[in-house]
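Quick look at protein.txt (compact mmCIF, C-alpha atoms and all ligand atoms):
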```txt
# COMPACT_ATOMS: atom_id res chain seq x y z
CA MET A 1 28.74 -27.93 -50.51
CA ARG A 2 26.01 -25.46 -51.31
CA LEU A 3 23.00 -26.73 -53.16
CA GLY A 4 19.78 -25.30 -54.54
CA ILE A 5 16.32 -26.85 -54.80
CA LEU A 6 13.44 -25.96 -57.11
CA THR A 7 9.97 -27.45 -57.57
CA GLY A 8 8.57 -27.15 -61.12
CA GLY A 9 5.36 -28.00 -63.02
CA GLY A 10 2.01 -28.82 -61.42
CA ASP A 11 2.27 -29.22 -57.65
CA CYS A 12 1.46 -32.47 -55.86
CA PRO A 13 1.34 -33.74 -52.28
CA GLY A 14 4.82 -34.68 -51.03
CA LEU A 15 6.85 -31.77 -52.43
CA ASN A 16 7.38 -30.29 -48.97
CA ALA A 17 8.42 -33.71 -47.66
CA VAL A 18 11.17 -33.81 -50.33
CA ILE A 19 12.35 -30.30 -49.46
CA ARG A 20 12.46 -31.24 -45.76
CA ALA A 21 14.43 -34.43 -46.51
CA ILE A 22 17.00 -32.68 -48.71
CA VAL A 23 17.58 -29.95 -46.14
CA ARG A 24 17.84 -32.39 -43.24
CA GLN A 25 20.16 -34.79 -45.07
CA SER A 26 22.37 -31.96 -46.41
CA ILE A 27 22.83 -30.17 -43.11
CA ARG A 28 22.94 -33.11 -40.69
CA ARG A 29 24.86 -35.63 -42.77
CA TYR A 30 27.07 -33.46 -44.96
CA SER A 31 27.21 -30.06 -43.17
CA SER A 32 26.17 -28.49 -46.47
CA GLU A 33 24.06 -25.40 -47.04
CA VAL A 34 20.79 -25.29 -48.97
CA VAL A 35 18.88 -22.51 -50.72
CA GLY A 36 15.50 -22.68 -52.39
CA TYR A 37 14.70 -21.22 -55.78
CA LEU A 38 11.14 -19.90 -55.97
CA GLU A 39 8.51 -20.75 -58.59
CA GLY A 40 10.15 -23.51 -60.58
CA TRP A 41 12.66 -22.56 -63.26
CA ARG A 42 11.60 -18.91 -62.92
CA GLY A 43 13.65 -18.89 -59.69
CA PRO A 44 17.08 -19.44 -61.25
CA VAL A 45 16.19 -17.50 -64.42
CA GLU A 46 15.25 -14.41 -62.37
CA ASN A 47 17.54 -15.26 -59.45
CA ILE A 48 14.78 -15.43 -56.81
CA VAL A 49 16.21 -17.35 -53.84
CA MET A 50 15.50 -17.97 -50.16
CA PRO A 51 17.64 -19.70 -47.53
CA LEU A 52 16.42 -23.11 -46.37
CA THR A 53 17.17 -23.97 -42.75
CA LEU A 54 16.37 -26.86 -40.41
CA GLN A 55 14.02 -24.60 -38.51
CA GLY A 56 12.27 -23.28 -41.63
CA THR A 57 11.65 -26.76 -42.97
CA SER A 58 10.58 -28.62 -39.84
CA GLY A 59 6.95 -29.72 -39.52
CA LEU A 60 6.61 -29.91 -43.29
CA ILE A 61 6.13 -33.63 -43.88
CA GLN A 62 2.35 -33.53 -43.78
CA ARG A 63 1.92 -30.20 -45.60
CA GLY A 64 0.55 -30.24 -49.17
CA GLY A 65 1.70 -27.85 -51.92
CA THR A 66 5.25 -26.50 -51.97
CA ILE A 67 6.74 -23.78 -49.79
CA LEU A 68 8.93 -22.89 -52.80
CA ARG A 69 5.85 -22.45 -54.99
CA THR A 70 5.97 -23.60 -58.59
CA SER A 71 5.41 -22.57 -62.22
CA ARG A 72 5.45 -24.01 -65.70
CA VAL A 73 8.16 -21.59 -66.87
CA ASN A 74 10.39 -23.20 -69.51
CA PRO A 75 13.80 -21.45 -69.49
CA PHE A 76 14.41 -22.52 -73.09
CA LYS A 77 11.50 -20.28 -74.08
CA GLN A 78 12.87 -17.27 -72.12
CA GLU A 79 15.37 -14.80 -73.48
CA ARG A 80 18.83 -16.07 -72.44
CA GLY A 81 17.01 -18.40 -70.01
CA PRO A 82 19.70 -21.10 -69.75
CA GLU A 83 22.53 -18.54 -69.56
CA ARG A 84 20.72 -16.67 -66.78
CA ILE A 85 20.32 -19.93 -64.84
CA MET A 86 24.08 -20.54 -65.02
CA GLU A 87 24.74 -16.93 -63.91
CA SER A 88 22.43 -17.37 -60.92
CA ILE A 89 24.10 -20.65 -59.92
CA LYS A 90 27.46 -18.84 -59.98
CA LYS A 91 26.18 -15.77 -58.15
CA ASN A 92 24.81 -17.93 -55.32
CA THR A 93 28.00 -20.04 -55.30
CA LEU A 94 25.98 -23.23 -55.70
CA ASP A 95 27.71 -26.52 -56.47
CA ALA A 96 24.57 -28.25 -57.69
CA LEU A 97 20.81 -28.12 -58.09
CA VAL A 98 18.03 -30.59 -57.23
CA ALA A 99 15.08 -30.12 -59.60
CA VAL A 100 11.87 -31.72 -58.36
CA GLY A 101 9.40 -32.09 -61.20
CA GLY A 102 7.64 -34.12 -63.86
CA GLU A 103 8.42 -34.82 -67.46
CA ASP A 104 8.92 -31.15 -68.50
CA THR A 105 11.26 -30.48 -65.59
CA CYS A 106 13.24 -33.63 -66.48
CA SER A 107 13.65 -32.42 -70.09
CA VAL A 108 14.84 -28.98 -69.02
CA ALA A 109 17.24 -30.50 -66.47
CA HIS A 110 18.59 -32.90 -69.07
CA LYS A 111 19.25 -30.08 -71.58
CA MET A 112 20.78 -27.85 -68.90
CA HIS A 113 23.10 -30.69 -67.91
CA SER A 114 24.10 -31.85 -71.40
CA GLN A 115 24.28 -28.43 -73.12
CA TYR A 116 25.30 -26.05 -70.30
CA GLY A 117 27.07 -28.35 -67.82
CA LEU A 118 24.64 -27.71 -64.95
CA ASN A 119 25.26 -30.09 -62.03
CA VAL A 120 21.73 -31.32 -61.56
CA VAL A 121 19.84 -34.25 -60.04
CA VAL A 122 16.10 -34.75 -60.62
CA VAL A 123 13.46 -36.03 -58.20
CA PRO A 124 10.38 -37.21 -60.13
CA LYS A 125 6.94 -36.08 -58.97
CA THR A 126 3.45 -35.96 -60.45
CA ILE A 127 0.04 -37.23 -59.51
CA ASP A 128 -0.20 -38.60 -63.09
CA ASN A 129 2.57 -41.22 -62.48
CA ASP A 130 3.66 -40.86 -66.11
CA VAL A 131 7.41 -40.26 -65.69
CA SER A 132 9.48 -43.02 -67.30
CA ALA A 133 12.19 -45.01 -65.51
CA THR A 134 10.50 -45.03 -62.10
CA ASP A 135 7.76 -47.41 -60.97
CA PHE A 136 5.97 -44.64 -59.09
CA THR A 137 6.17 -40.90 -58.59
CA PHE A 138 5.06 -39.43 -55.28
CA GLY A 139 1.71 -37.62 -55.37
CA PHE A 140 0.09 -40.46 -57.29
CA ASP A 141 -0.88 -42.54 -54.27
CA THR A 142 -2.52 -39.55 -52.59
CA ALA A 143 -4.50 -38.74 -55.75
CA VAL A 144 -5.66 -42.36 -56.05
CA ASN A 145 -6.86 -42.31 -52.44
CA ILE A 146 -8.83 -39.13 -53.13
CA VAL A 147 -10.45 -40.73 -56.21
CA ALA A 148 -11.31 -43.90 -54.27
CA ASP A 149 -12.91 -41.83 -51.51
CA ALA A 150 -14.88 -39.81 -54.08
CA LEU A 151 -16.12 -43.01 -55.77
CA ASP A 152 -17.27 -44.41 -52.41
CA ARG A 153 -19.33 -41.27 -51.96
CA LEU A 154 -20.66 -41.28 -55.52
CA HIS A 155 -21.75 -44.91 -55.11
CA THR A 156 -24.19 -44.21 -52.29
CA THR A 157 -25.88 -41.30 -54.02
CA ALA A 158 -25.92 -43.06 -57.42
CA GLU A 159 -27.63 -46.05 -55.84
CA SER A 160 -30.22 -43.93 -54.04
CA HIS A 161 -31.27 -42.22 -57.28
CA ASN A 162 -30.80 -45.02 -59.83
CA ARG A 163 -28.32 -42.82 -61.70
CA VAL A 164 -25.25 -43.24 -63.80
CA LEU A 165 -22.53 -41.02 -62.33
CA VAL A 166 -19.49 -40.13 -64.40
CA CYS A 167 -16.40 -39.08 -62.43
CA GLU A 168 -13.75 -37.14 -64.37
CA VAL A 169 -10.27 -37.48 -62.90
CA MET A 170 -6.85 -36.06 -63.84
CA GLY A 171 -4.39 -37.78 -66.16
CA ARG A 172 -3.61 -35.87 -69.32
CA HIS A 173 -1.60 -38.45 -71.26
CA ALA A 174 -1.84 -41.50 -69.03
CA GLY A 175 -4.69 -43.31 -67.30
CA TRP A 176 -2.89 -44.40 -64.12
CA ILE A 177 -5.11 -42.37 -61.76
CA ALA A 178 -8.31 -43.43 -63.54
CA CYS A 179 -7.31 -47.09 -63.56
CA TYR A 180 -5.99 -47.40 -59.99
CA GLY A 181 -8.69 -45.08 -58.57
CA GLY A 182 -11.36 -46.94 -60.54
CA ILE A 183 -10.22 -50.36 -59.33
CA ALA A 184 -10.01 -49.15 -55.72
CA GLY A 185 -13.42 -47.46 -55.90
CA GLY A 186 -15.22 -50.32 -57.70
CA ALA A 187 -15.90 -48.49 -60.99
CA ASP A 188 -18.23 -50.13 -63.51
CA TYR A 189 -16.31 -48.70 -66.47
CA ILE A 190 -12.97 -46.86 -66.80
CA LEU A 191 -11.85 -44.71 -69.74
CA VAL A 192 -8.21 -43.74 -70.25
CA PRO A 193 -6.20 -41.64 -72.75
CA GLU A 194 -4.36 -44.72 -74.02
CA LYS A 195 -7.51 -46.14 -75.65
CA PRO A 196 -10.10 -44.18 -77.70
CA ILE A 197 -13.55 -44.26 -76.08
CA ASP A 198 -15.75 -46.98 -77.57
CA ILE A 199 -19.12 -45.48 -76.74
CA ASP A 200 -21.07 -48.51 -77.98
CA ASP A 201 -19.23 -50.71 -75.51
CA VAL A 202 -19.77 -48.23 -72.65
CA VAL A 203 -23.52 -48.14 -73.37
CA ALA A 204 -23.83 -51.93 -73.81
CA THR A 205 -21.93 -52.54 -70.56
CA ILE A 206 -24.12 -50.17 -68.56
CA LYS A 207 -27.31 -51.65 -70.05
CA LYS A 208 -26.15 -55.17 -69.23
CA ARG A 209 -25.48 -54.14 -65.63
CA HIS A 210 -28.87 -52.51 -65.26
CA ALA A 211 -30.52 -55.58 -66.86
CA ARG A 212 -29.12 -57.73 -64.05
CA GLY A 213 -30.78 -55.53 -61.48
CA ARG A 214 -28.02 -53.05 -60.67
CA ASP A 215 -29.86 -49.81 -61.37
CA PHE A 216 -26.88 -47.49 -61.03
CA SER A 217 -23.39 -47.29 -62.50
CA ILE A 218 -20.13 -45.47 -61.84
CA VAL A 219 -17.99 -44.50 -64.83
CA VAL A 220 -14.47 -43.09 -64.33
CA VAL A 221 -12.96 -41.06 -67.16
CA ALA A 222 -9.47 -39.55 -67.32
CA GLU A 223 -9.49 -35.92 -68.46
CA GLY A 224 -7.22 -36.86 -71.40
CA ALA A 225 -9.52 -39.61 -72.73
CA ARG A 226 -10.84 -38.88 -76.21
CA LEU A 227 -13.93 -39.85 -78.15
CA GLY A 228 -12.99 -41.72 -81.33
CA ASP A 229 -13.21 -38.75 -83.70
CA SER A 230 -11.78 -35.94 -81.54
CA PRO A 231 -8.15 -34.79 -81.96
CA THR A 232 -5.64 -36.34 -79.58
CA LEU A 233 -4.16 -34.21 -76.84
CA LYS A 234 -0.73 -34.56 -78.44
CA ASP A 235 -2.14 -32.89 -81.63
CA ILE A 236 -3.74 -30.09 -79.62
CA GLU A 237 -0.56 -29.46 -77.63
CA MET A 238 1.57 -29.31 -80.78
CA ASP A 239 -0.25 -26.06 -81.62
CA THR A 240 -1.04 -24.59 -78.23
CA GLY A 241 1.45 -25.88 -75.64
CA HIS A 242 0.10 -26.99 -72.21
CA ALA A 243 -3.64 -27.25 -72.93
CA LYS A 244 -6.22 -26.73 -70.17
CA LEU A 245 -8.25 -29.94 -70.03
CA GLY A 246 -11.62 -30.78 -68.57
CA GLY A 247 -15.05 -31.35 -70.05
CA ILE A 248 -14.93 -34.94 -71.25
CA GLY A 249 -16.96 -36.09 -68.19
CA GLU A 250 -19.84 -33.74 -68.99
CA GLN A 251 -19.71 -34.63 -72.68
CA LEU A 252 -19.79 -38.33 -71.90
CA ALA A 253 -22.66 -38.00 -69.38
CA LYS A 254 -24.86 -36.37 -72.04
CA ILE A 255 -24.12 -39.14 -74.55
CA ILE A 256 -24.69 -41.94 -72.02
CA GLU A 257 -28.02 -40.43 -70.93
CA LYS A 258 -29.15 -40.09 -74.53
CA LEU A 259 -28.16 -43.60 -75.56
CA THR A 260 -29.24 -45.51 -72.42
CA GLY A 261 -32.22 -43.47 -71.25
CA TYR A 262 -30.76 -43.54 -67.68
CA GLU A 263 -30.37 -40.26 -65.83
CA THR A 264 -26.65 -39.46 -65.93
CA ARG A 265 -24.62 -36.75 -64.18
CA ALA A 266 -20.95 -35.82 -64.13
CA SER A 267 -18.59 -34.75 -61.32
CA VAL A 268 -15.13 -33.32 -61.96
CA LEU A 269 -12.55 -33.89 -59.20
CA GLY A 270 -10.00 -31.49 -60.74
CA HIS A 271 -7.42 -29.91 -58.46
CA ILE A 272 -8.90 -31.53 -55.35
CA GLN A 273 -6.70 -34.49 -56.42
CA ARG A 274 -3.57 -32.33 -56.14
CA GLY A 275 -4.31 -30.54 -52.88
CA GLY A 276 -4.00 -31.41 -49.21
CA SER A 277 -1.78 -33.72 -47.19
CA PRO A 278 0.23 -36.52 -48.79
CA SER A 279 -0.65 -40.13 -47.97
CA ALA A 280 1.75 -42.06 -45.73
CA PHE A 281 3.10 -43.88 -48.82
CA ASP A 282 3.87 -40.57 -50.57
CA ARG A 283 5.49 -39.11 -47.44
CA VAL A 284 7.84 -42.08 -47.23
CA LEU A 285 8.60 -42.14 -50.97
CA ALA A 286 9.25 -38.38 -51.07
CA THR A 287 11.53 -38.66 -48.04
CA ARG A 288 13.50 -41.57 -49.54
CA PHE A 289 13.82 -39.69 -52.86
CA GLY A 290 15.02 -36.52 -51.11
CA CYS A 291 17.71 -38.36 -49.10
CA LYS A 292 18.92 -40.26 -52.18
CA ALA A 293 19.08 -37.09 -54.32
CA THR A 294 21.19 -35.42 -51.62
CA ASP A 295 23.56 -38.41 -51.55
CA LEU A 296 23.93 -38.29 -55.35
CA ILE A 297 24.83 -34.61 -55.23
CA HIS A 298 27.51 -35.27 -52.61
CA GLU A 299 28.86 -38.19 -54.65
CA LYS A 300 28.97 -35.77 -57.62
CA LYS A 301 26.73 -38.07 -59.66
CA PHE A 302 25.03 -35.47 -61.82
CA GLY A 303 22.64 -35.77 -64.76
CA ARG A 304 20.75 -38.49 -62.87
CA MET A 305 17.19 -39.03 -61.67
CA VAL A 306 16.24 -40.91 -58.52
CA SER A 307 13.85 -43.77 -59.15
CA LEU A 308 11.71 -46.28 -57.29
CA THR A 309 12.43 -49.64 -58.90
CA GLY A 310 10.78 -52.50 -57.10
CA ASN A 311 11.17 -51.39 -53.52
CA GLU A 312 14.60 -49.89 -53.99
CA ILE A 313 15.57 -46.29 -54.55
CA ILE A 314 18.13 -46.26 -57.33
CA ASP A 315 19.42 -43.63 -59.76
CA VAL A 316 19.11 -43.64 -63.55
CA PRO A 317 20.56 -41.40 -66.28
CA LEU A 318 18.22 -38.51 -67.14
CA GLU A 319 18.06 -39.67 -70.78
CA GLN A 320 15.99 -42.63 -69.62
CA ALA A 321 13.31 -40.34 -68.23
CA VAL A 322 12.91 -37.86 -71.08
CA ASP A 323 11.10 -37.91 -74.41
CA LYS A 324 8.80 -40.81 -73.61
CA LEU A 325 5.90 -40.90 -71.19
CA LYS A 326 5.18 -43.91 -69.05
CA THR A 327 1.68 -44.81 -70.19
CA LEU A 328 -0.65 -47.14 -68.33
CA ASP A 329 0.31 -50.79 -68.04
CA MET A 330 -2.61 -52.33 -69.92
CA SER A 331 -2.35 -55.59 -67.95
CA ILE A 332 -3.68 -53.62 -64.95
CA MET A 333 -6.53 -52.34 -67.11
CA LYS A 334 -7.37 -55.99 -67.88
CA VAL A 335 -7.82 -56.55 -64.14
CA ALA A 336 -10.14 -53.53 -63.98
CA GLU A 337 -12.20 -54.85 -66.94
CA THR A 338 -13.10 -57.99 -64.99
CA PHE A 339 -15.38 -55.79 -62.89
CA PHE A 340 -17.05 -53.81 -65.70
CA GLY A 341 -20.80 -54.17 -66.16
O1 LIG B 1 0.49 -33.02 -64.69
C1 LIG B 1 -0.31 -33.09 -63.59
C2 LIG B 1 -1.64 -32.47 -63.84
O2 LIG B 1 -2.33 -32.49 -62.63
C3 LIG B 1 -2.44 -33.11 -64.98
O3 LIG B 1 -3.14 -34.27 -64.59
C4 LIG B 1 -3.35 -31.98 -65.36
O4 LIG B 1 -3.81 -32.10 -66.67
C5 LIG B 1 -2.48 -30.80 -65.21
O5 LIG B 1 -1.52 -31.11 -64.24
C6 LIG B 1 -3.23 -29.55 -64.86
O6 LIG B 1 -2.32 -28.51 -64.77
P1 LIG B 1 -2.70 -27.03 -64.34
O7 LIG B 1 -3.05 -27.08 -62.88
O8 LIG B 1 -1.50 -26.24 -64.62
O9 LIG B 1 -3.88 -26.65 -65.19
```

Before we go any further, please render this structure as structure tokens.
Ligand code: F6P
Amino acid sequence: MRLGILTGGGDCPGLNAVIRAIVRQSIRRYSSEVVGYLEGWRGPVENIVMPLTLQGTSGLIQRGGTILRTSRVNPFKQERGPERIMESIKKNTLDALVAVGGEDTCSVAHKMHSQYGLNVVVVPKTIDNDVSATDFTFGFDTAVNIVADALDRLHTTAESHNRVLVCEVMGRHAGWIACYGGIAGGADYILVPEKPIDIDDVVATIKKRHARGRDFSIVVVAEGARLGDSPTLKDIEMDTGHAKLGGIGEQLAKIIEKLTGYETRASVLGHIQRGGSPSAFDRVLATRFGCKATDLIHEKKFGRMVSLTGNEIIDVPLEQAVDKLKTLDMSIMKVAETFFG
């Protein structure tokens, strides 16, 4: 067989590990050939391809980013985008495509499969961990480790100065990173997109903590968290498409300082959470996903997504992964709340 790979949407640690696994499994196990499409869906739309060999993909497991690069190009918003993808598949004599991406990539893959007959399998990735029908996406664990490390560092300086430090983390629609990172880093309050910010409760919790002699606090806020009266991200994105987030941490720090009287500063972790080497967990998950996706292609099981369910790698129909985000499990937030204040 001949198969293509693309990586779409925001990058995350582990993408290169998936590419390496697909190439290795295809060549060694199935004697198949693999090509890479560059820059997400732009690759097949504009027919930008490169060969992927064992040699060219060795030593990649620990490398962050993606050697195929990525983009947020949506072929359904390009002139004859889907038709051009099918032409490129034909031109390169490909039997199937593995699309590695988040929710947007899943939706495009689903439409390409159901409306144009593209033989496609999806591997879910995103640091946000918000893709449905899989317990975890790779990239998430690395991001959580980066947040935990940052909170450890913020703790020592917050304590030295008797400050409240607000740490803004990624997570546009879901608070997985904020919640897991906050639990791991011992946060005193965590704010997530799933629940409007109750500023009175934040202030009361910090004051209570300071009243019991802890003169510093760490607050973690997801970039998608919203103050009660501000528009939701979903409303904003209806008008503008993929909105650039950031700023809630700074906004919150000003309010906390004003209402508590404690000196408060904000730090934004931003793309630091997406860069660098994947954690060991993400390397293993990405490798398992890549091998399973390759098997599915060779079994001609198309229109499927690989998924971590429990500790097993299974495959699910793409319909299960599209149109609904996997928001934070609020029972985990309950655990986090035990340590607030
Ligand atoms: O979807 C992953 C993510 O990292 C979000 O948490 C964040 O809002 C977004 O990507 C940022 O995307 P970009 O780097 O394109 O601005």

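With all atoms listed in the file as the atoms that count, the minimum distance from ligand LIG 1 (chain B) to the choices A:Ala150, A:Ala243, A:Leu165, A:Ile48 is reached by A:Ala243.
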
Please provide the set of residues having any atom within 9 Å of Val202 of chain A, restricted to only C-alpha atoms, with same-chain residues fewer than 3 positions apart removed, written as a ChimeraX atom specification. /A:189,197-199,205-207,219,256,341

Got time to write the residues from that selection, C-alpha atoms, as a PDB file, in the coordinates of the input?
```pdb
ATOM      1  CA  TYR A 189     -16.310 -48.700 -66.470  1.00  0.00           C
ATOM      2  CA  ILE A 197     -13.550 -44.260 -76.080  1.00  0.00           C
ATOM      3  CA  ASP A 198     -15.750 -46.980 -77.570  1.00  0.00           C
ATOM      4  CA  ILE A 199     -19.120 -45.480 -76.740  1.00  0.00           C
ATOM      5  CA  THR A 205     -21.930 -52.540 -70.560  1.00  0.00           C
ATOM      6  CA  ILE A 206     -24.120 -50.170 -68.560  1.00  0.00           C
ATOM      7  CA  LYS A 207     -27.310 -51.650 -70.050  1.00  0.00           C
ATOM      8  CA  VAL A 219     -17.990 -44.500 -64.830  1.00  0.00           C
ATOM      9  CA  ILE A 256     -24.690 -41.940 -72.020  1.00  0.00           C
ATOM     10  CA  GLY A 341     -20.800 -54.170 -66.160  1.00  0.00           C
TER      11      GLY A 341
END
```

Surroundings of ligand LIG 1 (chain B) up to 9 Å, based on all atoms listed in the file, as an NGL selection string: :A and (9-12 or 71-72 or 102-103 or 126-130 or 169-174 or 177 or 222-224 or 242-246 or 270-271 or 273-274)

How many Å separate atom CA of His155 of chain A from atom CA of Leu328 of chain A?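 Atom CA of Leu328 of chain A lies 25.0 Å from atom CA of His155 of chain A.
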
Distance query Gly101 of chain A at most 7 Å, all atoms listed in the file, self and fewer than 6 positions along chain excluded, as a list in words: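 Using all atoms listed in the file, the neighbours found are Thr7, Gly8, Gly9, Val123, Pro124 and Lys125 of chain A.
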
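In this model, the gap between atom CA of Ala280 of chain A and atom CA of Asp329 of chain A comes to 24.0 Å.
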
Using all atoms listed in the file, which protein or nucleic acid residues come within 9 Å of Asn47 of chain A? Drop anything in the same chain fewer than 2 positions from it, and give the result as a list in words.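 Neighbouring residues, sequence-local ones excluded: Tyr37, Leu38, Arg42, Gly43, Pro44, Val45, Val49, Arg84, Ile85, Glu87, Ser88, Ile89, Lys91 and Asn92 of chain A.
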
To one decimal place, how far is atom CA of Leu52 of chain A from atom CA of Val35 of chain A in Å?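 Those two atoms sit 5.0 Å apart.
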
In terms of only C-alpha atoms, the residue from A:Lys301, A:Arg2, A:Lys292, A:Arg283 at minimal distance from Asp141 of chain A is A:Arg283

With all atoms listed in the file counted and 12 Å as the cut-off, give the residues of segment 64-109 of chain A in contact with segment 21-24 of chain A, each with its shortest interatomic distance in Å and the pair that gives it, as a tab-separated table.
```
residue	atom	partner	partner_atom	distance
A:Leu97	CA	A:Ile22	CA	11.1
A:Val98	CA	A:Ile22	CA	8.8
A:Ala99	CA	A:Ile22	CA	11.4
A:Val100	CA	A:Ile22	CA	11.0
```

Would you mind telling me which residue in A:Met50, A:Ile218, A:Met305, A:Met86 lies nearest to Gln115 of chain A when using all atoms listed in the file?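 Checking each candidate against Gln115 of chain A, we get A:Met86 as the closest.
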